[in-house]
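Asker: My structure is in data_25.txt, and what it holds is compact mmCIF, C-alpha atoms and all ligand atoms:
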# COMPACT_ATOMS: atom_id res chain seq x y z
CA MET A 1 -283.87 66.69 208.34
CA GLN A 2 -281.13 64.54 206.89
CA GLY A 3 -279.30 64.72 203.58
CA GLU A 4 -281.30 64.57 200.38
CA ILE A 5 -280.93 61.53 198.19
CA LYS A 6 -279.90 63.71 195.27
CA THR A 7 -276.67 64.92 196.81
CA SER A 8 -275.15 61.55 197.66
CA LYS A 9 -273.95 58.89 195.27
CA LYS A 10 -275.19 55.77 197.05
CA PRO A 11 -277.41 53.52 194.95
CA VAL A 12 -281.14 53.81 195.57
CA ILE A 13 -283.32 51.12 197.12
CA PHE A 14 -287.09 51.13 196.94
CA SER A 15 -289.43 48.56 198.43
CA GLY A 16 -293.02 48.41 199.56
CA ILE A 17 -295.33 46.21 201.58
CA GLN A 18 -299.12 46.20 201.44
CA PRO A 19 -300.96 47.13 204.63
CA SER A 20 -303.44 44.36 203.97
CA GLY A 21 -303.20 42.35 207.17
CA ARG A 22 -300.84 41.30 209.91
CA LEU A 23 -297.30 40.77 208.73
CA THR A 24 -295.87 37.24 208.94
CA VAL A 25 -292.38 35.89 209.57
CA GLY A 26 -292.41 35.30 205.80
CA ASN A 27 -292.63 39.06 205.25
CA TYR A 28 -289.96 39.57 207.88
CA ILE A 29 -287.49 37.07 206.47
CA GLY A 30 -288.22 37.71 202.79
CA SER A 31 -288.22 41.49 202.96
CA LEU A 32 -288.30 43.59 206.16
CA ARG A 33 -285.24 42.00 207.71
CA ASN A 34 -283.20 42.72 204.59
CA PHE A 35 -284.27 46.36 204.60
CA LYS A 36 -282.41 46.83 207.86
CA LEU A 37 -279.36 44.87 206.65
CA LEU A 38 -279.07 47.09 203.56
CA GLU A 39 -279.65 50.38 205.36
CA ASP A 40 -276.08 51.67 205.46
CA ASN A 41 -275.03 51.16 201.88
CA TYR A 42 -278.01 52.63 200.06
CA ASN A 43 -280.34 55.58 199.98
CA SER A 44 -283.54 53.78 200.75
CA LEU A 45 -287.24 54.46 200.46
CA TYR A 46 -289.66 52.12 202.21
CA CYS A 47 -293.27 52.63 201.41
CA VAL A 48 -296.58 51.52 202.89
CA VAL A 49 -298.36 50.77 199.62
CA ASP A 50 -301.93 51.55 200.65
CA MET A 51 -303.10 52.13 197.06
CA HIS A 52 -302.08 48.58 196.19
CA ALA A 53 -304.03 47.28 199.18
CA ILE A 54 -307.35 48.61 197.85
CA THR A 55 -307.14 46.38 194.76
CA VAL A 56 -308.98 43.93 197.03
CA ARG A 57 -311.88 45.17 199.17
CA GLN A 58 -310.74 46.60 202.52
CA ASP A 59 -312.62 47.76 205.56
CA PRO A 60 -311.62 51.47 205.88
CA THR A 61 -311.14 51.40 209.65
CA GLU A 62 -309.09 48.24 209.47
CA LEU A 63 -307.03 49.57 206.57
CA ARG A 64 -306.16 52.73 208.50
CA ARG A 65 -305.13 50.58 211.45
CA ASN A 66 -303.02 48.32 209.23
CA ILE A 67 -301.27 51.34 207.70
CA SER A 68 -300.21 52.58 211.16
CA GLU A 69 -299.20 49.09 212.23
CA LEU A 70 -297.03 48.59 209.17
CA ALA A 71 -295.40 52.01 209.44
CA ALA A 72 -294.66 51.23 213.11
CA LEU A 73 -293.16 47.90 212.06
CA TYR A 74 -290.78 49.61 209.62
CA LEU A 75 -289.55 51.64 212.56
CA ALA A 76 -289.66 48.72 214.98
CA VAL A 77 -287.25 46.60 212.91
CA GLY A 78 -284.84 49.46 213.42
CA LEU A 79 -285.06 51.41 210.18
CA ASP A 80 -283.76 54.85 211.02
CA PRO A 81 -286.18 57.52 209.70
CA ASN A 82 -283.25 59.83 209.13
CA LYS A 83 -281.27 57.38 207.05
CA ASN A 84 -284.32 56.03 205.19
CA ILE A 85 -287.39 57.64 203.71
CA LEU A 86 -290.42 56.00 205.32
CA TYR A 87 -293.82 57.04 203.99
CA CYS A 88 -297.27 56.12 202.64
CA GLN A 89 -297.79 55.70 198.92
CA SER A 90 -301.05 57.67 198.80
CA HIS A 91 -299.33 60.70 200.37
CA VAL A 92 -297.29 61.11 197.18
CA PRO A 93 -299.72 61.56 194.27
CA ALA A 94 -296.88 61.20 191.74
CA HIS A 95 -297.18 57.42 192.14
CA ALA A 96 -300.65 57.49 190.61
CA GLU A 97 -299.58 60.07 188.04
CA LEU A 98 -296.65 58.03 186.75
CA ALA A 99 -298.72 54.83 186.90
CA TRP A 100 -301.16 56.42 184.44
CA VAL A 101 -298.40 57.33 182.02
CA LEU A 102 -296.85 53.86 182.29
CA ASN A 103 -300.26 52.25 181.71
CA CYS A 104 -299.98 53.69 178.23
CA PHE A 105 -296.69 51.81 177.75
CA THR A 106 -297.87 48.43 179.06
CA TYR A 107 -299.65 45.78 177.03
CA MET A 108 -302.77 43.89 178.05
CA GLY A 109 -301.05 40.63 177.11
CA GLU A 110 -298.17 41.29 179.51
CA LEU A 111 -300.54 41.94 182.39
CA GLN A 112 -302.63 38.89 181.56
CA ARG A 113 -299.59 36.70 182.13
CA MET A 114 -299.00 37.87 185.71
CA THR A 115 -299.41 34.93 188.10
CA GLN A 116 -300.41 37.14 191.05
CA TYR A 117 -303.25 38.56 188.95
CA LYS A 118 -304.38 35.08 187.99
CA ASP A 119 -304.25 33.90 191.61
CA LYS A 120 -306.00 36.94 193.02
CA SER A 121 -308.71 37.02 190.38
CA ALA A 122 -309.41 33.34 191.06
CA LYS A 123 -309.64 34.15 194.76
CA HIS A 124 -311.86 37.25 194.38
CA VAL A 125 -314.14 36.25 191.49
CA ASP A 126 -316.73 38.85 192.49
CA ASN A 127 -314.25 41.74 192.32
CA ILE A 128 -311.89 41.40 189.37
CA ASN A 129 -311.36 45.14 189.06
CA ALA A 130 -309.14 47.11 186.68
CA GLY A 131 -306.86 48.10 189.57
CA LEU A 132 -306.08 44.46 190.27
CA PHE A 133 -305.18 44.08 186.60
CA THR A 134 -302.91 47.12 186.46
CA TYR A 135 -301.41 46.50 189.92
CA PRO A 136 -297.96 45.73 188.39
CA VAL A 137 -297.97 49.10 186.59
CA LEU A 138 -298.50 50.99 189.84
CA MET A 139 -295.68 48.90 191.30
CA ALA A 140 -293.45 49.81 188.34
CA ALA A 141 -294.31 53.48 188.95
CA ASP A 142 -293.38 53.14 192.65
CA ILE A 143 -289.97 51.86 191.68
CA LEU A 144 -289.19 53.97 188.59
CA LEU A 145 -290.29 57.23 190.20
CA TYR A 146 -287.17 57.21 192.39
CA GLN A 147 -284.65 56.03 189.77
CA THR A 148 -284.27 52.91 191.90
CA ASP A 149 -281.25 50.65 191.46
CA VAL A 150 -282.21 47.76 193.75
CA VAL A 151 -285.55 46.35 194.92
CA PRO A 152 -285.43 43.91 197.86
CA VAL A 153 -288.41 41.54 197.64
CA GLY A 154 -289.40 37.94 198.20
CA ALA A 155 -289.39 35.45 195.32
CA ASP A 156 -293.11 35.94 194.61
CA GLN A 157 -292.42 39.47 193.30
CA LYS A 158 -289.83 38.44 190.70
CA GLN A 159 -292.32 38.55 187.85
CA HIS A 160 -293.51 42.02 188.86
CA LEU A 161 -289.91 43.20 188.91
CA GLU A 162 -289.39 41.85 185.42
CA ILE A 163 -292.35 43.75 184.03
CA ALA A 164 -291.13 46.93 185.76
CA ARG A 165 -287.79 46.46 183.99
CA ASP A 166 -289.49 45.80 180.66
CA ILE A 167 -291.59 48.96 180.99
CA ALA A 168 -288.50 51.03 181.85
CA VAL A 169 -286.52 49.65 178.91
CA ARG A 170 -289.45 50.23 176.53
CA PHE A 171 -289.84 53.81 177.74
CA ASN A 172 -286.11 54.48 177.40
CA ASN A 173 -286.04 52.99 173.90
CA ILE A 174 -288.54 55.63 172.83
CA TYR A 175 -287.41 58.65 174.84
CA GLY A 176 -283.73 58.10 175.70
CA ASP A 177 -282.24 57.32 179.10
CA VAL A 178 -285.02 58.64 181.31
CA LEU A 179 -285.59 55.80 183.77
CA VAL A 180 -283.10 53.65 185.70
CA VAL A 181 -283.70 49.95 185.05
CA PRO A 182 -283.94 48.33 188.50
CA GLU A 183 -282.45 45.05 189.71
CA PRO A 184 -284.27 42.71 192.09
CA TYR A 185 -282.61 41.71 195.37
CA ILE A 186 -284.01 38.32 196.33
CA PRO A 187 -282.38 36.60 199.31
CA LYS A 188 -280.80 33.20 198.59
CA LEU A 189 -282.30 31.59 201.66
CA GLY A 190 -285.77 32.58 202.87
CA ALA A 191 -287.09 34.17 199.67
CA LYS A 192 -290.14 31.98 200.05
CA ILE A 193 -291.16 30.95 203.55
CA LEU A 194 -293.91 28.37 203.29
CA SER A 195 -297.29 27.95 204.94
CA LEU A 196 -297.17 25.95 208.16
CA LYS A 197 -300.19 23.93 207.07
CA ASP A 198 -299.53 23.53 203.37
CA PRO A 199 -295.79 23.68 202.72
CA LEU A 200 -296.30 23.77 198.98
CA ARG A 201 -297.74 27.29 199.25
CA LYS A 202 -296.07 30.47 200.47
CA MET A 203 -296.86 31.73 203.94
CA SER A 204 -299.33 34.56 203.43
CA LYS A 205 -300.96 37.11 205.69
CA SER A 206 -304.25 36.68 203.85
CA ASP A 207 -304.48 32.94 204.64
CA PRO A 208 -306.05 31.39 207.79
CA GLU A 209 -304.49 32.12 211.16
CA ASP A 210 -302.91 28.71 211.81
CA THR A 211 -300.91 28.80 208.55
CA PHE A 212 -298.58 31.64 209.56
CA ILE A 213 -296.54 33.09 212.41
CA GLY A 214 -297.48 36.74 212.78
CA MET A 215 -294.73 39.23 213.58
CA LEU A 216 -296.81 40.38 216.52
CA ASP A 217 -297.90 36.92 217.75
CA SER A 218 -297.39 36.14 221.45
CA PRO A 219 -294.81 33.51 222.47
CA ASP A 220 -297.60 31.06 223.37
CA MET A 221 -299.27 31.51 220.02
CA ILE A 222 -295.96 30.98 218.22
CA ARG A 223 -295.24 27.78 220.17
CA LYS A 224 -298.73 26.46 219.53
CA LYS A 225 -298.66 27.19 215.78
CA MET A 226 -295.18 25.73 215.34
CA LYS A 227 -296.14 22.57 217.20
CA ARG A 228 -298.94 22.00 214.71
CA ALA A 229 -296.84 22.71 211.62
CA VAL A 230 -297.15 20.07 208.92
CA THR A 231 -293.97 18.03 208.39
CA ASP A 232 -293.82 14.49 206.99
CA SER A 233 -293.68 10.89 208.19
CA ASP A 234 -290.03 10.31 207.40
CA ALA A 235 -288.76 11.52 210.83
CA ARG A 236 -285.33 12.65 209.57
CA ILE A 237 -284.13 16.22 209.90
CA LYS A 238 -282.68 16.80 206.48
CA TYR A 239 -282.74 19.87 204.22
CA ASP A 240 -284.50 18.72 201.07
CA PRO A 241 -286.98 21.38 199.90
CA GLU A 242 -288.30 19.21 197.11
CA ASN A 243 -289.13 16.06 199.05
CA LYS A 244 -289.35 17.45 202.58
CA PRO A 245 -290.78 20.98 202.14
CA GLY A 246 -292.29 21.26 205.63
CA VAL A 247 -289.13 20.23 207.49
CA SER A 248 -286.88 22.27 205.18
CA ASN A 249 -289.07 25.32 205.77
CA LEU A 250 -288.64 25.04 209.55
CA MET A 251 -284.90 24.57 209.07
CA SER A 252 -284.72 27.69 206.88
CA ILE A 253 -286.57 29.76 209.47
CA LEU A 254 -284.28 28.47 212.24
CA SER A 255 -281.15 29.01 210.15
CA ILE A 256 -281.96 32.57 209.12
CA LEU A 257 -283.10 33.72 212.53
CA THR A 258 -280.19 32.19 214.46
CA GLY A 259 -277.44 32.61 211.86
CA ARG A 260 -276.61 28.89 212.08
CA GLY A 261 -275.84 27.21 208.76
CA ILE A 262 -278.16 24.56 207.35
CA ASP A 263 -275.32 21.99 207.53
CA ALA A 264 -274.72 22.72 211.19
CA ILE A 265 -278.42 22.37 211.93
CA GLU A 266 -278.56 19.06 210.09
CA ALA A 267 -275.58 17.80 212.11
CA ASP A 268 -276.89 19.09 215.46
CA TYR A 269 -280.32 17.58 215.00
CA ALA A 270 -279.27 14.21 213.59
CA GLY A 271 -281.31 11.50 215.31
CA LYS A 272 -283.60 14.01 217.05
CA GLY A 273 -287.35 14.21 216.43
CA TYR A 274 -289.37 16.92 214.70
CA GLY A 275 -290.68 18.02 218.10
CA VAL A 276 -287.26 19.41 219.01
CA LEU A 277 -286.88 21.18 215.67
CA LYS A 278 -290.33 22.76 216.00
CA ALA A 279 -289.65 23.87 219.56
CA GLU A 280 -286.33 25.47 218.61
CA ALA A 281 -287.78 27.12 215.51
CA ALA A 282 -290.50 28.57 217.77
CA GLU A 283 -287.93 29.88 220.25
CA ALA A 284 -285.91 31.41 217.41
CA CYS A 285 -289.00 33.29 216.22
CA ILE A 286 -289.87 34.41 219.74
CA GLU A 287 -286.36 35.68 220.35
CA ALA A 288 -286.08 37.47 217.00
CA LEU A 289 -289.51 39.07 217.32
CA ALA A 290 -289.41 40.11 221.01
CA PRO A 291 -287.39 43.33 220.56
CA ILE A 292 -289.39 44.23 217.44
CA GLN A 293 -292.66 43.74 219.30
CA ALA A 294 -291.47 45.94 222.16
CA GLU A 295 -290.46 48.74 219.78
CA HIS A 296 -293.67 48.33 217.83
CA LYS A 297 -295.70 48.84 220.98
CA ARG A 298 -293.74 51.98 221.76
CA TRP A 299 -294.33 53.46 218.30
CA MET A 300 -298.02 52.55 218.29
CA ALA A 301 -298.40 54.43 221.57
CA ASP A 302 -296.96 57.56 219.96
CA GLN A 303 -299.11 58.16 216.89
CA ALA A 304 -298.13 61.83 216.78
CA GLU A 305 -294.47 60.96 216.31
CA LEU A 306 -295.35 58.19 213.86
CA ASN A 307 -297.35 60.69 211.78
CA ARG A 308 -294.51 63.17 211.93
CA VAL A 309 -292.11 60.57 210.51
CA LEU A 310 -294.55 59.71 207.70
CA LYS A 311 -295.19 63.35 206.85
CA ASP A 312 -291.49 64.12 206.69
CA GLY A 313 -290.96 60.98 204.58
CA ALA A 314 -293.72 61.96 202.15
CA GLU A 315 -292.23 65.44 201.72
CA ARG A 316 -288.79 64.08 200.97
CA ALA A 317 -290.15 61.42 198.63
CA SER A 318 -292.30 64.01 196.80
CA ARG A 319 -289.29 66.15 196.02
CA ILE A 320 -287.45 63.24 194.40
CA ALA A 321 -290.57 62.04 192.60
CA ALA A 322 -291.17 65.52 191.17
CA ARG A 323 -287.84 65.43 189.37
CA THR A 324 -288.67 62.18 187.56
CA MET A 325 -292.20 63.38 186.79
CA ALA A 326 -290.91 66.61 185.29
CA LYS A 327 -288.64 64.64 182.96
CA VAL A 328 -291.38 62.19 182.03
CA ARG A 329 -293.89 64.97 181.31
CA LYS A 330 -291.42 66.75 179.08
CA LYS A 331 -290.33 63.64 177.18
CA VAL A 332 -293.87 62.40 176.59
CA GLY A 333 -295.11 65.86 175.58
CA LEU A 334 -297.73 66.46 178.27
CA ALA A 335 -298.82 70.08 178.71
CA PRO A 336 -295.95 72.02 180.29
CA LEU A 337 -296.54 73.33 183.81
CA PHE A 338 -296.60 77.12 184.10
P1 LIG B 1 -296.93 41.47 200.67
O1 LIG B 1 -297.32 40.85 201.97
O2 LIG B 1 -297.49 40.71 199.52
O3 LIG B 1 -297.13 42.94 200.58
O4 LIG B 1 -295.36 41.23 200.59
C1 LIG B 1 -294.41 42.11 201.13
C2 LIG B 1 -293.02 41.56 200.92
O5 LIG B 1 -292.84 40.34 201.65
C3 LIG B 1 -292.72 41.22 199.46
O6 LIG B 1 -291.38 41.55 199.18
C4 LIG B 1 -292.90 39.74 199.40
O7 LIG B 1 -292.15 39.15 198.37
C5 LIG B 1 -292.40 39.31 200.77
N1 LIG B 1 -293.05 38.06 201.19
C6 LIG B 1 -294.38 37.87 201.39
N2 LIG B 1 -294.62 36.61 201.79
C7 LIG B 1 -293.41 35.99 201.84
C8 LIG B 1 -292.99 34.65 202.17
N3 LIG B 1 -293.87 33.71 202.53
N4 LIG B 1 -291.66 34.37 202.10
C9 LIG B 1 -290.76 35.31 201.74
N5 LIG B 1 -291.09 36.59 201.41
C10 LIG B 1 -292.39 36.93 201.46
N1 LIG B 2 -296.42 44.03 195.14
C1 LIG B 2 -295.65 43.95 196.34
C2 LIG B 2 -296.15 42.76 197.16
O1 LIG B 2 -297.28 42.36 197.07
C3 LIG B 2 -295.71 45.21 197.14
C4 LIG B 2 -295.13 46.36 196.38
C5 LIG B 2 -295.79 47.38 195.82
C6 LIG B 2 -293.75 46.57 196.10
N2 LIG B 2 -294.94 48.25 195.21
C7 LIG B 2 -293.68 47.78 195.36
C8 LIG B 2 -292.60 45.87 196.39
C9 LIG B 2 -292.45 48.28 194.90
C10 LIG B 2 -291.37 46.37 195.93
C11 LIG B 2 -291.31 47.56 195.18
O2 LIG B 2 -295.42 42.25 197.94
Is it possible to express this structure as structure tokens?
Answerer:
Amino acid sequence: MQGEIKTSKKPVIFSGIQPSGRLTVGNYIGSLRNFKLLEDNYNSLYCVVDMHAITVRQDPTELRRNISELAALYLAVGLDPNKNILYCQSHVPAHAELAWVLNCFTYMGELQRMTQYKDKSAKHVDNINAGLFTYPVLMAADILLYQTDVVPVGADQKQHLEIARDIAVRFNNIYGDVLVVPEPYIPKLGAKILSLKDPLRKMSKSDPEDTFIGMLDSPDMIRKKMKRAVTDSDARIKYDPENKPGVSNLMSILSILTGRGIDAIEADYAGKGYGVLKAEAAEACIEALAPIQAEHKRWMADQAELNRVLKDGAERASRIAARTMAKVRKKVGLAPLF
């Protein structure tokens, strides 16, 4: 086992993804890809947040499958299980424990303002449960439990990060410097990859199949979906997210995955049709995803090793979490442990 987070001075990163469906290139570009880029300069924890996933109804067999798939994807993008702590949220009960405490320091009004809650409760009118409402508190607990400095996420999580910060500051104002106040890390380009069919909405793994490129989609599927992506009738390849969201979205995907600047892409594609842009964006996805898909397959075929990584991760995470929980218990005045 590698060095404990405690003994080194690198800042701490925490991030999580819900195992609630197949990951998209939006997830890859907005979060997973950055995890790998940040690996060397931080002590990082990457969590499969299965307790968040059950805030909407899940089929148990499918959920278990999605948990394995997501854990395998963490490894498949190249995250080294010795350099990073990779684990499942529900394996570390301290997440739920701290979430309860923090619930008592969070106001109903704050939670009512959360746009994700509003969106999800509009989408699942028959299941507006208390967990969906307090989802951001569990997320704050995830982050604050590890005295996290930086949280890499896509733009849609900015509001949740802000409430996590507010909760930490409020707690510290009462009890002294107990919790580190985290900073978001939101990429400049690619923080919000848009739906292929409705480029005013974000690409989401819970939307219909033809709206997203899945990280595990076959090359044919990727080409087909890209070909049908919604653009506009202006026929100019120009980066203008406001007026040309569909085209700009394809340009962002191409730029991030190939490392070519937006200006260079604009210049290279001047006078060319959208068909060429779509085809090249598809090839960029295929090329970026091929090695990840191969590694993913390898990890999925070795569930024993995958479980070993997750068990080791949960043990290491638990030890760090226990330190924060001990402090929190003491400060709040909960019954001392014998
Ligand atoms: P989720 O799928 O909601 O669990 O999101 C996992 C991570 O991916 C979060 O950091 C999100 O902000 C990020 N993410 C999800 N969808 C997108 C998207 N369309 N563009 C950029 N980032 C995204
Ligand atoms: N709420 C995040 C999302 O939907 C997932 C998440 C849960 C998370 N806990 C987290 C992200 C902690 C970053 C840090 O994308």
Asker: Using all atoms listed in the file, find the one residue out of A:Ala164, A:Ala99, A:Ile17, A:Ala282 that sits nearest to A:Asp149.
Answerer: A:Ala164
Asker: Could you tell me how far atom CA of A:Phe35 sits from atom CA of A:Pro60, in Å to one decimal place?
Answerer: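 So the answer is 27.9 Å.
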Asker: Can you tell me which residues sit at most 7 Å away from ligand LIG 1 (chain B), counting only C-alpha atoms and all ligand atoms, written as a VMD selection string?
Answerer: chain A and resid 16 to 19 23 26 to 31 152 to 157 190 to 194 202 to 205
Asker: With distances taken over only C-alpha atoms, which of A:Cys104, A:Ala294, A:Ile128, A:Leu189 is nearest to A:Asn34?
Answerer: A:Leu189
Asker: Each residue of chain A with at least one atom at most 9 Å from ligand LIG 2 (chain B) should appear once, together with its nearest atom pair and the corresponding distance in Å (one decimal); atoms considered: all atoms listed in the file; ordering: chain, then increasing residue number; output as a tab-separated table.
Answerer:
residue	atom	partner	partner_atom	distance
A:Ile13	CA	B:LIG2	C11	9.0
A:Phe14	CA	B:LIG2	C11	5.8
A:Ser15	CA	B:LIG2	C10	3.8
A:Gly16	CA	B:LIG2	C6	4.0
A:Ile17	CA	B:LIG2	C3	4.6
A:Gln18	CA	B:LIG2	C3	5.6
A:Asn27	CA	B:LIG2	O2	8.4
A:Ser31	CA	B:LIG2	O2	8.8
A:Tyr46	CA	B:LIG2	C11	8.5
A:Cys47	CA	B:LIG2	C7	7.8
A:Val48	CA	B:LIG2	C5	8.2
A:Val49	CA	B:LIG2	C5	5.7
A:Asp50	CA	B:LIG2	C5	8.9
A:Met51	CA	B:LIG2	C5	8.8
A:His52	CA	B:LIG2	C5	6.4
A:Ala53	CA	B:LIG2	O1	8.6
A:Gln89	CA	B:LIG2	N2	8.8
A:Gln116	CA	B:LIG2	O1	8.6
A:Tyr135	CA	B:LIG2	N1	7.6
A:Pro136	CA	B:LIG2	N1	7.1
A:Leu138	CA	B:LIG2	N2	7.0
A:Met139	CA	B:LIG2	N2	4.0
A:Ala140	CA	B:LIG2	C9	6.8
A:Ala141	CA	B:LIG2	C9	8.1
A:Asp142	CA	B:LIG2	C9	5.4
A:Ile143	CA	B:LIG2	C9	5.4
A:Val151	CA	B:LIG2	C11	5.9
A:Pro152	CA	B:LIG2	C10	6.7
A:Val153	CA	B:LIG2	C10	5.9
A:Gly154	CA	B:LIG2	O2	7.4
A:Asp156	CA	B:LIG2	O2	7.5
A:Gln157	CA	B:LIG2	O2	6.2
A:His160	CA	B:LIG2	N1	7.2
A:Leu161	CA	B:LIG2	C11	7.8
A:Pro184	CA	B:LIG2	C10	8.9
Asker: Which residues of stretch 14-94 of chain A come within 7 Å of stretch 313-333 of chain A, and for each one, what is the closest pair of atoms and their distance in Å to one decimal, counting only C-alpha atoms, sorted by chain and residue number, as a tab-separated table?
Answerer:
residue	atom	partner	partner_atom	distance
A:Ile85	CA	A:Gly313	CA	5.0
A:Leu86	CA	A:Gly313	CA	5.1
A:Tyr87	CA	A:Gly313	CA	4.9
A:Cys88	CA	A:Ala314	CA	6.9
A:His91	CA	A:Ala314	CA	6.0
A:Val92	CA	A:Ser318	CA	5.8
A:Ala94	CA	A:Ala321	CA	6.4
